[in-house]
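Colleague: Input: one structure, supplied below.
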Amino acid sequence: AQSVTQLGSHVSVSEGALVLLRCNYSSSVPPYLFWYVQYPNQGLQLLLKYTSAATLVKGINGFEAEFKKSETSFHLTKPSAHMSDAAEYFCAVTFSRRALTFGSGTRLQVQP
Amino acid sequence: DAGVIQSPRHEVTEMGQEVTLRCKPISGHNSLFWYRQTMMRGLELLIYFNNNVPIDDSGMPEDRFSAKMPNASFSTLKIQPSEPRDSAVYFCASSLATSGSTDTQYFGPGTRLTVL
């Protein structure tokens with residue numbers, strides 16, 4: 001069965017610092033991986049997705065993620081955090097089945 | 001485009017009552033998904049439709065839950081009778097399914113259900 005694990009339910013960084021949110025997947029076949037962001041009381045918005053075209057994926061708002069097959073990871077990064085990045089971030093995976101399986105989420109706090 | 005539309009945004013009801021959640025997918029999309037978000041279980045798929053046909057309903061908790069998609073522009077999720085443990089945020093998402101499985105799902109704002 002497909003699954004993703006997000007390490008760290010809460011991450012706190014200072015404004016301007018590097019953001020690193022971790023996601024590991026388990027799979028016996030090549031996965032399709034996604035990062036979504038959820039702002040308070042809102043739905044989920046796609047940040048970026050991995051579709052096997054390139055291992056380094058650039059998304060919106062300056063985020064990017066690198067697919068590392070050897071580490072079964074798809075960590076999300078941003079060089080410099082902004083206050084507006086405070087939200088909950090979800091890693092998700094799908095294979096042939098189109099529905100997404102989500103990780104448990106990581107809440108990002110950005111301190112001034 | 002208006003995006004995925006869900007109604008109501010908030011619903012408060014009493015245990016035992018019937019609850020109906022509604023979703024209008026993005027025009028032209030052919031796949032529709034219902035997810036539920038709770039603190040305990042996170043985001044989990046309830047059911048999804050492709051071309052108005054239910055494909056996978058293995059996530060539907062029990063017979064109290066039912067979902068329909070009578071046409072390409074409308075879906076409902078019904079809970080009858082409702083119970084306090086059904087309290088959650090219910091999301092609808094839609095996508096344009098192509099030959100691969102990398103279709104982006106677009107989420108609605110969700111319906112926050114509280115069952116007293």
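Following the order of the structure tokens, first chain is A, next is B, and so on, with residues numbered from 1 inside each chain and ligands from 1 in the order they appear.
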Compute the chain B side of the contact with chain A at 9 Å, counting only C-alpha atoms, and hand it back as a VMD selection string.

Modeller: chain B and resid 31 33 41 to 45 47 to 48 56 91 97 100 to 110

Colleague: Please provide as JSON, numbers by chain all residues within 10 Å of Arg85 (chain B), with the sequence filter that same-chain residues fewer than 6 positions apart are discarded (counting only C-alpha atoms).

Modeller: {"B": [15, 38, 114, 115, 116]}

Colleague: Using only C-alpha atoms, which of A:Tyr89, A:Ala17, A:Phe63, A:Trp35 sits nearest Thr77 (chain A)?

Modeller: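 The answer is A:Phe63, which sits nearest to Thr77 (chain A).
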
Colleague: Among region 33-101 of chain B, which ones does DSSP place in strand (DSSP E), written as a PyMOL selection string?

Modeller: chain B and resi 33-38+42-50+53-56+65-71+74-79+88-95

Colleague: Would you mind reading off the distance between CA of Asn24 (chain A) and CA of Thr55 (chain A), one decimal, in Å?

Modeller: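 Interatomic distance here is 14.6 Å.
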
Colleague: Taking the DSSP secondary structure from the backbone, can you list the residues of region 23-109 of chain A that are helix (DSSP H, G or I), as a list of chain:residue names?

Modeller: A:Ile60, A:Asn61, A:Gly62, A:Lys69, A:Ser70, A:Glu71, A:Met83, A:Ser84, A:Asp85

Colleague: Using C-alpha atoms, can you write the selected residues to a file as an mmCIF file, in the first residue's frame?

Modeller:
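And here is the file that came out, part.cif:
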```
data_model
loop_
_atom_site.group_PDB
_atom_site.id
_atom_site.type_symbol
_atom_site.label_atom_id
_atom_site.label_comp_id
_atom_site.auth_asym_id
_atom_site.auth_seq_id
_atom_site.Cartn_x
_atom_site.Cartn_y
_atom_site.Cartn_z
ATOM 1 C CA ILE A 60 4.717 28.417 -6.372
ATOM 2 C CA ASN A 61 5.755 30.959 -3.742
ATOM 3 C CA GLY A 62 9.451 30.045 -4.050
ATOM 4 C CA LYS A 69 14.647 7.636 -5.076
ATOM 5 C CA SER A 70 17.567 6.199 -3.069
ATOM 6 C CA GLU A 71 16.216 7.887 0.062
ATOM 7 C CA MET A 83 5.564 35.400 7.437
ATOM 8 C CA SER A 84 2.941 34.554 4.834
ATOM 9 C CA ASP A 85 4.332 31.001 4.602
#
```

Colleague: At a cut-off of 6 Å, using only C-alpha atoms, what residues contact Glu64 (chain A)? Leave out same-chain residues fewer than 2 positions from it and give the result as an MDAnalysis selection string.

Modeller: chainID A and resid 57:59 76:77

Colleague: One number please: CA of Lys24 (chain B) to CA of Val4 (chain B), in Å, one decimal.

Modeller: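 Taking CA of Lys24 (chain B) as the start and CA of Val4 (chain B) as the end point, the length is 5.8 Å.
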
Colleague: Within 8 Å of Asn30 (chain B), counting only C-alpha atoms, which residues qualify if same-chain residues fewer than 6 places away don't, as a PyMOL selection string?

Modeller: chain B and resi 50-52+72+94-97

Colleague: May I ask for the distance between CA of Tyr36 (chain A) and CA of Glu88 (chain A), given in Å to one decimal place?

Modeller: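 If I compute the distance from CA of Tyr36 (chain A) to CA of Glu88 (chain A), I get 8.5 Å.
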